[in-house]
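Quick look at data-v8.txt (compact mmCIF, C-alpha atoms):
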```
# COMPACT_ATOMS: atom_id res chain seq x y z
CA MET I 1 -42.38 -3.05 -5.50
CA SER I 2 -42.03 -5.54 -8.31
CA GLY I 3 -44.42 -3.78 -10.63
CA ASP I 4 -43.80 -0.32 -12.00
CA HIS I 5 -40.07 0.10 -11.71
CA ASP I 6 -39.98 2.04 -14.92
CA GLU I 7 -41.97 4.86 -13.34
CA GLU I 8 -40.09 4.95 -10.08
CA LEU I 9 -38.10 8.09 -9.40
CA PRO I 10 -36.37 9.29 -6.24
CA GLY I 11 -38.47 11.44 -3.99
CA TYR I 12 -36.29 14.47 -4.64
CA TYR I 13 -34.24 15.75 -7.48
CA THR I 14 -30.70 14.58 -7.07
CA GLY I 15 -29.58 15.98 -10.37
CA ASP I 16 -27.64 12.78 -10.77
CA ILE I 17 -27.76 11.20 -14.17
CA HIS I 18 -26.35 7.96 -12.86
CA ASN I 19 -29.05 6.80 -10.53
CA GLN I 20 -31.58 5.94 -13.15
CA TYR I 21 -32.96 2.46 -12.75
CA VAL I 22 -31.41 -0.28 -14.82
CA PRO I 23 -33.86 -3.07 -15.67
CA GLU I 24 -33.32 -6.46 -14.13
CA HIS I 25 -31.95 -8.39 -17.06
CA ARG I 26 -28.65 -8.70 -15.20
CA ASN I 27 -27.03 -6.02 -17.29
CA SER I 28 -24.41 -8.49 -18.37
CA LYS I 29 -22.33 -5.92 -20.20
CA ALA I 30 -21.59 -3.93 -17.05
CA ILE I 31 -20.75 -7.08 -15.13
CA ARG I 32 -18.47 -8.29 -17.89
CA ILE I 33 -16.62 -4.96 -17.90
CA ILE I 34 -16.08 -5.30 -14.15
CA TRP I 35 -14.55 -8.77 -14.43
CA VAL I 36 -12.40 -7.78 -17.40
CA THR I 37 -11.08 -4.82 -15.43
CA PHE I 38 -10.40 -7.09 -12.47
CA THR I 39 -8.39 -9.40 -14.72
CA ILE I 40 -6.36 -6.49 -16.03
CA LEU I 41 -5.59 -5.36 -12.48
CA LEU I 42 -4.67 -8.87 -11.41
CA VAL I 43 -2.37 -9.45 -14.38
CA ALA I 44 -0.69 -6.07 -13.87
CA THR I 45 -0.03 -6.90 -10.20
CA ILE I 46 1.36 -10.33 -11.04
CA VAL I 47 3.61 -8.85 -13.73
CA GLU I 48 4.84 -6.19 -11.30
CA VAL I 49 5.72 -8.66 -8.56
CA GLY I 50 7.16 -11.10 -11.10
CA ILE I 51 9.53 -8.74 -12.85
CA SER I 52 10.77 -7.32 -9.57
CA PHE I 53 12.80 -10.50 -9.20
CA THR I 54 14.41 -10.45 -12.65
CA PRO I 55 17.85 -8.92 -13.20
CA ILE I 56 16.53 -6.02 -15.25
CA PRO I 57 18.37 -2.82 -14.28
CA ARG I 58 16.72 -0.94 -11.43
CA ASP I 59 15.93 2.26 -13.34
CA ILE I 60 14.03 0.49 -16.10
CA LEU I 61 12.30 -1.63 -13.47
CA ASN I 62 11.14 1.46 -11.60
CA ALA I 63 9.86 3.02 -14.80
CA ILE I 64 7.86 -0.12 -15.58
CA PHE I 65 6.44 -0.18 -12.05
CA ILE I 66 5.32 3.41 -12.34
CA ILE I 67 3.73 2.87 -15.74
CA LEU I 68 1.87 -0.23 -14.52
CA THR I 69 0.75 1.55 -11.38
CA ILE I 70 -0.64 4.47 -13.37
CA LEU I 71 -2.42 1.94 -15.58
CA LYS I 72 -3.97 0.30 -12.52
CA ALA I 73 -4.91 3.70 -11.17
CA TYR I 74 -6.63 4.57 -14.42
CA TYR I 75 -8.72 1.40 -14.35
CA ILE I 76 -9.69 1.78 -10.72
CA VAL I 77 -10.66 5.44 -11.08
CA ALA I 78 -12.30 5.33 -14.49
CA ILE I 79 -14.19 2.05 -14.25
CA PHE I 80 -14.56 1.03 -10.63
CA MET I 81 -15.24 4.57 -9.49
CA HIS I 82 -17.23 5.25 -12.67
CA LEU I 83 -15.38 8.45 -13.43
CA LYS I 84 -15.53 7.56 -17.10
CA ASN I 85 -19.31 7.78 -16.95
CA GLU I 86 -19.27 11.24 -15.47
CA LYS I 87 -19.17 14.52 -17.32
CA LEU I 88 -15.78 15.48 -18.72
CA GLY I 89 -15.62 18.67 -16.64
CA MET I 90 -15.95 16.72 -13.42
CA GLY I 91 -13.31 14.21 -14.47
CA ALA I 92 -10.97 17.05 -15.34
CA SER I 93 -11.49 18.82 -11.99
CA ILE I 94 -10.31 15.65 -10.30
CA VAL I 95 -7.48 14.57 -12.54
CA ILE I 96 -5.79 17.87 -13.41
CA PRO I 97 -4.67 18.67 -9.83
CA PHE I 98 -2.77 15.42 -10.00
CA LEU I 99 -0.59 16.69 -12.78
CA PHE I 100 0.68 19.17 -10.22
CA ILE I 101 1.30 16.31 -7.79
CA LEU I 102 3.22 14.50 -10.51
CA TYR I 103 5.39 17.58 -10.92
CA PHE I 104 5.94 17.62 -7.17
CA VAL I 105 6.99 13.96 -7.21
CA ILE I 106 9.52 14.48 -9.97
CA MET I 107 10.95 17.55 -8.26
CA MET I 108 11.36 15.79 -4.93
CA ILE I 109 13.06 12.78 -6.46
CA ILE I 110 15.55 15.15 -8.04
CA GLU I 111 15.97 16.99 -4.75
CA GLY I 112 16.37 13.74 -2.86
CA ASN I 113 19.17 12.80 -5.19
CA TYR I 114 20.76 16.19 -4.55
CA LEU I 115 20.73 15.50 -0.82
CA ASN I 116 22.40 12.18 -1.51
CA ILE I 117 25.25 13.68 -3.50
CA PHE I 118 26.11 16.05 -0.69
CA HIS I 119 25.77 13.34 1.94
CA GLY I 120 29.31 13.63 3.18
CA TYR I 121 29.11 17.36 3.66
CA GLY I 122 27.06 17.12 6.79
CA PHE I 123 23.61 17.59 5.22
CA MET K 19 -25.57 34.04 -19.39
CA SER K 20 -28.99 34.89 -18.05
CA ALA K 21 -32.19 34.41 -19.95
CA GLU K 22 -32.73 37.66 -21.81
CA ALA K 23 -35.23 37.03 -24.53
CA ALA K 24 -38.80 36.67 -23.41
CA GLY K 25 -40.19 33.18 -23.78
CA GLU K 26 -36.73 31.63 -23.53
CA LYS K 27 -36.62 28.98 -20.83
CA PRO K 28 -34.35 30.05 -17.96
CA ASN K 29 -31.37 28.02 -16.83
CA GLN K 30 -30.64 26.23 -20.07
CA SER K 31 -26.96 26.66 -19.41
CA PRO K 32 -25.58 24.09 -16.99
CA TRP K 33 -23.98 26.96 -15.08
CA GLY K 34 -27.17 28.96 -14.93
CA GLY K 35 -28.03 27.80 -11.46
CA GLY K 36 -30.64 25.48 -10.03
CA VAL K 37 -29.10 22.35 -11.50
CA SER K 38 -25.87 20.52 -10.90
CA PRO K 39 -23.46 21.54 -13.68
CA PHE K 40 -21.85 18.12 -13.76
CA GLN K 41 -25.17 16.36 -13.22
CA VAL K 42 -24.06 14.70 -10.04
CA SER K 43 -25.62 15.01 -6.64
CA TRP K 44 -23.88 17.23 -4.11
CA GLY K 45 -23.12 14.22 -1.90
CA LYS K 46 -21.19 12.46 -4.60
CA MET K 47 -19.36 15.63 -5.61
CA TYR K 48 -18.42 16.18 -1.99
CA MET K 49 -17.04 12.66 -1.71
CA TRP K 50 -14.96 13.10 -4.86
CA PHE K 51 -13.37 16.32 -3.65
CA PHE K 52 -12.77 14.88 -0.22
CA LEU K 53 -10.93 12.01 -1.93
CA VAL K 54 -8.82 14.50 -3.90
CA SER K 55 -7.77 16.20 -0.67
CA ASP K 56 -7.04 12.88 0.99
CA ALA K 57 -4.99 11.88 -2.03
CA PHE K 58 -2.91 15.03 -1.51
CA THR K 59 -2.21 13.92 2.04
CA PHE K 60 -1.07 10.47 0.97
CA SER K 61 0.96 11.96 -1.88
CA SER K 62 2.87 14.18 0.51
CA LEU K 63 3.63 11.23 2.77
CA LEU K 64 4.88 9.17 -0.14
CA ILE K 65 6.93 12.07 -1.50
CA ALA K 66 8.55 12.53 1.92
CA TYR K 67 9.33 8.83 1.90
CA ALA K 68 10.83 9.04 -1.59
CA THR K 69 13.04 11.99 -0.66
CA ILE K 70 14.50 10.35 2.44
CA ARG K 71 14.85 7.05 0.68
CA HIS K 72 16.85 8.55 -2.15
CA ARG K 73 18.99 10.43 0.29
CA TYR K 74 20.07 7.15 1.84
CA ALA K 75 19.84 5.17 -1.37
CA GLU K 76 22.85 2.89 -0.86
CA ILE K 77 21.99 1.74 2.60
CA TRP K 78 18.21 1.61 2.37
CA PRO K 79 16.91 -1.89 3.11
CA SER K 80 15.66 -3.79 0.11
CA ALA K 81 12.04 -4.79 0.58
CA ASP K 82 12.44 -8.22 -0.94
CA HIS K 83 14.94 -9.08 1.80
CA VAL K 84 12.83 -7.65 4.58
CA PHE K 85 9.32 -8.87 3.81
CA VAL K 86 9.94 -12.53 3.26
CA HIS K 87 7.54 -14.26 5.59
CA PHE K 88 4.26 -15.99 4.89
CA PRO K 89 1.90 -17.40 7.49
CA PHE K 90 2.40 -21.10 8.20
CA VAL K 91 5.31 -21.29 5.75
CA GLN K 92 8.85 -21.64 7.08
CA ALA K 93 10.71 -20.74 3.91
CA HIS K 94 11.55 -17.27 2.74
CA VAL K 95 9.02 -16.17 0.15
CA PRO K 96 9.76 -12.57 -0.64
CA LEU K 97 6.81 -10.27 -1.22
CA ALA K 98 4.35 -13.15 -1.53
CA TYR K 99 2.22 -12.12 1.42
CA VAL K 100 2.06 -8.52 0.30
CA ALA K 101 0.99 -9.64 -3.17
CA LEU K 102 -1.75 -11.69 -1.50
CA MET K 103 -2.87 -8.66 0.48
CA THR K 104 -3.05 -6.62 -2.70
CA PHE K 105 -5.14 -9.32 -4.31
CA ILE K 106 -7.51 -9.38 -1.32
CA LEU K 107 -8.01 -5.63 -1.47
CA ILE K 108 -8.58 -5.63 -5.23
CA MET K 109 -11.12 -8.46 -4.80
CA SER K 110 -12.95 -6.45 -2.17
CA SER K 111 -13.00 -3.54 -4.62
CA VAL K 112 -14.58 -5.83 -7.22
CA THR K 113 -17.25 -7.00 -4.78
CA MET K 114 -17.91 -3.35 -3.91
CA VAL K 115 -18.45 -2.37 -7.53
CA MET K 116 -20.73 -5.40 -7.88
CA ALA K 117 -22.74 -4.04 -4.96
CA VAL K 118 -23.02 -0.66 -6.66
CA ASP K 119 -24.08 -2.34 -9.87
CA ALA K 120 -26.70 -4.34 -8.00
CA GLY K 121 -27.89 -1.04 -6.58
CA HIS K 122 -28.45 0.27 -10.08
CA ARG K 123 -30.62 -2.78 -10.68
CA ARG K 124 -32.45 -2.09 -7.38
CA ASN K 125 -31.72 -5.64 -6.24
CA ASN K 126 -31.62 -5.32 -2.48
CA LYS K 127 -30.54 -8.86 -1.75
CA ALA K 128 -27.65 -8.71 -4.21
CA VAL K 129 -26.45 -5.43 -2.72
CA ALA K 130 -26.46 -7.01 0.73
CA PHE K 131 -24.59 -10.05 -0.58
CA TRP K 132 -21.80 -8.10 -2.28
CA LEU K 133 -21.47 -5.61 0.55
CA PHE K 134 -21.07 -8.46 3.02
CA TRP K 135 -18.12 -9.86 1.09
CA THR K 136 -16.58 -6.42 0.77
CA ILE K 137 -16.65 -6.10 4.56
CA ILE K 138 -15.09 -9.54 4.96
CA GLY K 139 -12.36 -8.59 2.46
CA GLY K 140 -11.69 -5.40 4.39
CA PHE K 141 -11.33 -7.19 7.71
CA THR K 142 -9.08 -9.82 6.11
CA PHE K 143 -6.82 -7.10 4.77
CA LEU K 144 -6.66 -5.44 8.19
CA GLY K 145 -5.81 -8.74 9.84
CA SER K 146 -3.09 -9.39 7.27
CA GLN K 147 -1.63 -5.95 7.79
CA ALA K 148 -1.56 -6.59 11.54
CA TRP K 149 0.28 -9.88 10.95
CA GLU K 150 2.76 -8.11 8.71
CA TRP K 151 3.36 -5.47 11.38
CA TYR K 152 3.86 -8.12 14.02
CA HIS K 153 6.51 -9.89 12.00
CA PHE K 154 8.26 -6.70 11.07
CA ILE K 155 8.40 -5.65 14.71
CA HIS K 156 9.45 -9.11 15.82
CA GLY K 157 12.15 -9.48 13.19
CA SER K 158 13.83 -12.56 11.82
CA ALA K 159 15.77 -15.28 13.59
CA GLU K 160 19.21 -14.10 12.57
CA GLY K 161 18.97 -10.55 13.81
CA ALA K 162 21.67 -7.98 13.11
CA LEU K 163 24.53 -6.45 15.05
CA MET K 164 23.84 -3.09 16.54
CA TYR K 165 26.64 -0.83 17.69
CA GLU K 166 26.62 1.92 20.26
CA ASP K 167 26.07 4.59 17.64
CA ARG K 168 23.04 2.56 16.51
CA SER K 169 24.55 1.65 13.18
CA ILE K 170 23.67 -1.79 11.96
CA ALA K 171 25.75 -4.59 10.50
CA GLN K 172 23.90 -7.38 8.72
CA MET K 173 25.47 -10.77 9.13
CA GLU K 174 25.64 -12.77 5.94
CA GLY K 175 26.63 -16.23 4.87
CA ASP K 176 26.71 -19.44 6.85
CA PHE K 177 28.70 -19.16 10.00
CA THR K 178 28.68 -20.35 13.59
CA LEU K 179 29.08 -18.38 16.73
CA ILE K 180 31.24 -19.99 19.37
CA LEU K 181 30.69 -18.70 22.84
CA GLU K 182 33.10 -18.48 25.76
CA ASP K 183 31.83 -21.67 27.32
CA GLY K 184 32.24 -23.55 24.05
CA THR K 185 28.62 -23.70 22.97
CA THR K 186 27.97 -23.10 19.32
CA VAL K 187 25.11 -21.20 17.76
CA PRO K 188 24.35 -21.40 14.06
CA GLY K 189 24.62 -17.95 12.52
CA ASN K 190 21.09 -17.78 11.27
CA GLN K 191 19.80 -18.29 14.79
CA ALA K 192 21.96 -15.63 16.33
CA GLY K 193 19.22 -13.15 17.05
CA GLU K 194 16.79 -15.77 18.29
CA PHE K 195 19.37 -17.26 20.62
CA PHE K 196 20.54 -14.10 22.25
CA GLY K 197 17.06 -13.07 23.12
CA SER K 198 15.81 -9.68 23.97
CA ILE K 199 17.84 -6.55 23.92
CA GLU K 200 17.27 -6.01 27.64
CA ASP K 201 19.62 -8.84 28.51
CA ASP K 202 23.25 -8.11 29.21
CA PRO K 203 25.19 -8.21 25.95
CA PRO K 204 26.39 -11.77 25.59
CA SER K 205 30.04 -12.42 25.30
CA ILE K 206 30.87 -13.38 21.76
CA LYS K 207 34.27 -14.93 21.72
CA ASP K 208 34.86 -16.30 18.24
CA ILE K 209 33.06 -16.20 14.94
CA LYS K 210 33.97 -19.18 12.84
CA GLY K 211 32.97 -19.41 9.21
CA ASP K 212 31.38 -22.30 7.43
CA PRO K 213 34.13 -24.94 7.09
CA LYS K 214 33.37 -25.42 3.43
CA VAL K 215 34.13 -21.77 2.67
CA ILE K 216 37.31 -21.51 4.60
CA GLU K 217 39.29 -18.72 2.93
CA MET K 218 38.18 -15.44 4.40
CA ALA K 219 35.63 -17.37 6.44
CA GLY K 220 31.93 -17.54 5.75
CA PHE K 221 31.29 -14.64 8.02
CA ARG K 222 30.48 -11.49 6.09
CA ALA K 223 29.02 -8.38 7.45
CA ARG K 224 27.60 -5.37 5.76
CA SER K 225 27.03 -2.05 7.39
CA ASN K 226 26.41 1.43 6.04
CA GLY K 227 27.69 0.28 2.68
CA MET K 228 30.99 -0.90 4.13
CA SER K 229 32.13 -4.40 3.22
CA THR K 230 33.75 -6.84 5.63
CA GLU K 231 37.23 -5.59 4.73
CA GLU K 232 36.30 -1.98 5.33
CA LEU K 233 34.67 -2.90 8.60
CA ILE K 234 37.89 -4.58 9.72
CA GLU K 235 39.81 -1.52 8.58
CA ASN K 236 37.59 0.76 10.59
CA GLY K 237 37.77 -1.29 13.72
CA TYR K 238 34.27 -2.70 13.77
CA LEU K 239 35.52 -6.25 13.18
CA TYR K 240 38.70 -7.84 14.27
CA GLU K 241 40.40 -10.52 12.23
CA GLY K 242 42.63 -13.16 13.59
CA ASP K 243 43.41 -16.82 13.00
CA ALA K 244 41.00 -17.28 10.05
CA ALA K 245 38.22 -16.45 12.41
CA LYS K 246 36.78 -13.09 13.03
CA LYS K 247 36.35 -11.83 16.50
CA LEU K 248 33.64 -9.38 17.06
CA ILE K 249 34.42 -6.39 19.15
CA MET K 250 32.53 -3.29 19.98
CA ALA K 251 29.21 -4.84 18.97
CA ASN K 252 26.72 -3.74 21.53
CA THR K 253 24.11 -6.38 20.97
CA ILE K 254 22.15 -8.33 18.44
CA ILE K 255 18.87 -6.78 17.50
CA GLN K 256 15.81 -8.35 15.99
CA GLY K 257 13.05 -6.59 14.22
CA ALA K 258 12.08 -3.00 13.70
CA ASN K 259 10.64 -1.60 16.87
CA LEU K 260 11.14 1.10 19.47
CA LYS K 261 14.62 -0.17 20.35
CA GLY K 262 16.16 -0.08 16.89
CA ASN K 263 15.88 -1.48 13.41
CA GLN K 264 17.40 -4.79 12.37
CA TYR K 265 17.12 -3.95 8.71
CA GLY K 266 18.96 -0.66 8.50
CA LYS K 267 17.98 2.91 8.96
CA VAL K 268 15.45 3.52 11.71
CA THR K 269 13.58 5.90 9.39
CA PHE K 270 12.65 2.93 7.23
CA GLY K 271 10.57 1.56 10.06
CA ASN K 272 9.17 4.97 10.92
CA PHE K 273 7.89 5.57 7.42
CA PHE K 274 6.63 2.04 7.02
CA PHE K 275 4.56 2.11 10.18
CA PHE K 276 3.24 5.60 9.65
CA ILE K 277 2.19 5.25 6.04
CA THR K 278 0.78 1.73 6.26
CA GLY K 279 -0.80 2.64 9.58
CA PHE K 280 -2.45 5.71 8.12
CA HIS K 281 -3.68 3.63 5.21
CA GLY K 282 -4.87 0.90 7.58
CA PHE K 283 -6.79 3.53 9.52
CA HIS K 284 -8.55 4.50 6.30
CA VAL K 285 -9.34 0.86 5.58
CA PHE K 286 -10.75 0.51 9.08
CA SER K 287 -12.97 3.57 8.79
CA GLY K 288 -14.06 2.34 5.34
CA VAL K 289 -15.05 -1.01 6.81
CA ILE K 290 -17.04 0.73 9.57
CA ILE K 291 -18.85 2.87 7.02
CA ASN K 292 -19.57 -0.23 4.94
CA ILE K 293 -20.97 -2.02 7.99
CA ILE K 294 -23.32 0.87 8.69
CA ILE K 295 -24.49 0.95 5.07
CA TYR K 296 -24.86 -2.83 5.13
CA LEU K 297 -27.12 -2.66 8.15
CA GLN K 298 -29.15 0.01 6.42
CA VAL K 299 -29.47 -2.18 3.33
CA LEU K 300 -30.67 -5.07 5.48
CA ASN K 301 -33.11 -2.71 7.11
CA GLY K 302 -34.63 -1.71 3.79
CA THR K 303 -33.69 1.96 4.04
CA TYR K 304 -32.70 2.13 0.38
CA VAL K 305 -35.77 0.32 -0.82
CA LYS K 306 -37.77 3.09 0.82
CA ARG K 307 -35.45 5.76 -0.56
CA GLY K 308 -35.69 4.37 -4.04
CA HIS K 309 -32.04 4.57 -4.98
CA TYR K 310 -28.74 3.22 -3.75
CA GLU K 311 -26.61 6.30 -4.11
CA GLN K 312 -25.26 6.00 -0.57
CA VAL K 313 -23.79 2.64 -1.53
CA GLU K 314 -22.13 4.31 -4.47
CA LYS K 315 -20.60 7.05 -2.32
CA SER K 316 -19.29 4.51 0.15
CA GLY K 317 -17.96 2.60 -2.84
CA LEU K 318 -16.01 5.65 -3.95
CA TYR K 319 -14.31 5.80 -0.56
CA TRP K 320 -13.53 2.10 -0.69
CA HIS K 321 -12.03 2.30 -4.16
CA PHE K 322 -9.94 5.24 -3.06
CA VAL K 323 -8.55 3.13 -0.22
CA ASP K 324 -7.67 0.42 -2.77
CA LEU K 325 -6.05 2.98 -5.05
CA VAL K 326 -3.86 4.31 -2.27
CA TRP K 327 -2.80 0.77 -1.44
CA VAL K 328 -1.75 0.23 -5.08
CA PHE K 329 0.55 3.24 -4.79
CA VAL K 330 1.87 2.36 -1.35
CA PHE K 331 2.53 -1.20 -2.52
CA THR K 332 4.51 0.04 -5.51
CA PHE K 333 6.59 2.60 -3.68
CA PHE K 334 7.32 0.64 -0.54
CA TYR K 335 7.71 -2.88 -1.73
CA LEU K 336 8.68 -2.70 -5.38
CA VAL K 337 10.67 0.43 -6.15
```

Mind converting the file's structure to structure tokens?
Amino acid sequence: MSGDHDEELPGYYTGDIHNQYVPEHRNSKAIRIIWVTFTILLVATIVEVGISFTPIPRDILNAIFIILTILKAYYIVAIFMHLKNEKLGMGASIVIPFLFILYFVIMMIIEGNYLNIFHGYGF
Amino acid sequence: MSAEAAGEKPNQSPWGGGVSPFQVSWGKMYMWFFLVSDAFTFSSLLIAYATIRHRYAEIWPSADHVFVHFPFVQAHVPLAYVALMTFILIMSSVTMVMAVDAGHRRNNKAVAFWLFWTIIGGFTFLGSQAWEWYHFIHGSAEGALMYEDRSIAQMEGDFTLILEDGTTVPGNQAGEFFGSIEDDPPSIKDIKGDPKVIEMAGFRARSNGMSTEELIENGYLYEGDAAKKLIMANTIIQGANLKGNQYGKVTFGNFFFFITGFHGFHVFSGVIINIIIYLQVLNGTYVKRGHYEQVEKSGLYWHFVDLVWVFVFTFFYLV
């Protein structure tokens, strides 16, 4: 078990380029990337909670929250879930449907506001 | 694009068949597309929440007035506990990715170590969420006035309630004092404001966007003798539960419990999956198999759960 790791392959072909063995020299670069990403996520969360108490106008505040949240989402998906290491086609199949969701979100915020305007009319 | 020329190796094209075009195993691909579909579900829930919230934008409760409690701390610390929960979940995501990385290095003991802490993080998050639910259902000491048509008036400012038999109750204990909603509505004779703020009395109320003056105008409050008498109030309600919602619209509670509950259910199933994988790691299943891809797939699910929490946290507590 400790000997010929370099020759060891799974018993069947997974077709997965990401399960190749990484030699045991602690792969410090990967670990460093993980902790850096964690720090980015932590700082973004602290900033978000912190600025929610300042008197910045609500609209700008919401825009900042959404930008920071998308930033956090990028780091979680690309680095923690290793989507960055996958083939571009796979990444696109996952991310592009979300552009449609984004469109849906924007539409429904507009529609929600429409319902609000006509509040008094019995809607 | 089939192989036409003789001697040309078949299936050079990634779409030629026999190989995975994206060079991922089918299990991992399946997990990714399952996560996309689950993300659609959560997106629709959050979009429904956003629509209703913007419809009632003026009277929607503000999260940093509702979620102010912290375990073992008496003071109001808005959003602190939720920020802690977010930190716990992000930490468990980090330990999960460490486990996956240890899997790439085929280090069985390290995988077991990091997976163990991921499970602990998951259970801690679930416990915290349960605590948060308990306090939301239980409500705060001051409570709010609930009328027959189930509209809510928040009491504000320092004031004292004086009852018929002369006992006084400090305003911020009103809900706690009057107890459960099953009791007969207590008789509230006089509301006297804080003596230092004598003018229109310290008693303010806010309901459906109406200020104290408008409430008096509309007959919800009655003013007399520099003290406000309360009429027509049905009872004082605490918390957001099956009887009503102290904080405002009942839908706020409905959405909160459903979306965080649905997310919590995902966390719970993720923890169970992680426990199973952990036991398999301890058993040596992956040493025999030669690769730790199952850990990676479980990691994808766990990171997805974290990602959803990031969005829920933003849209419920911040926006």

For a quick test of understanding: name the residues of chain K lying within 8 Å of chain I when counting all atoms listed in the file, and present them as number ranges by chain. K: 37-38, 40-44, 50-51, 54, 58, 61, 65, 68-75, 97, 101, 105, 108-109, 111-112, 115-116, 119, 122-124, 307-311, 317-318, 321, 325, 328-329, 332, 336-337

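For the choices K:Met47, K:Leu133, K:Met114, K:Ala258, the atom-to-atom distance to Tyr152 in chain K is smallest for K:Ala258 when using all atoms listed in the file.
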
Between CA of Phe52 in chain K and CA of Ser31 in chain K lies a distance of 26.6 Å

What is the CA of Ile291 in chain K-CA of Val323 in chain K distance in Å, reported with one decimal?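 These atoms are spaced 12.6 Å apart.
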
Suppose you want the space between CA of Val100 in chain K and CA of Phe60 in chain K; what is it in Å?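 Taking CA of Val100 in chain K and CA of Phe60 in chain K, their separation equals 19.3 Å.
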
Which residues are close to Trp327 in chain K, i.e. within 9 Å by only C-alpha atoms, leaving aside same-chain residues fewer than 4 positions away? Reply as a list in words.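 Those residues are Thr104, Leu107, Thr278, His281, Phe322, Val323, Phe331 and Thr332 of chain K.
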
Within 9 Å of Phe273 in chain K, counting only C-alpha atoms, which residues qualify if same-chain residues fewer than 3 places away don't, as a list in words?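 My reading of the contact set: Leu63, Leu64, Ala66, Tyr67, Val268, Thr269, Phe270, Phe276, Ile277 and Thr278 of chain K.
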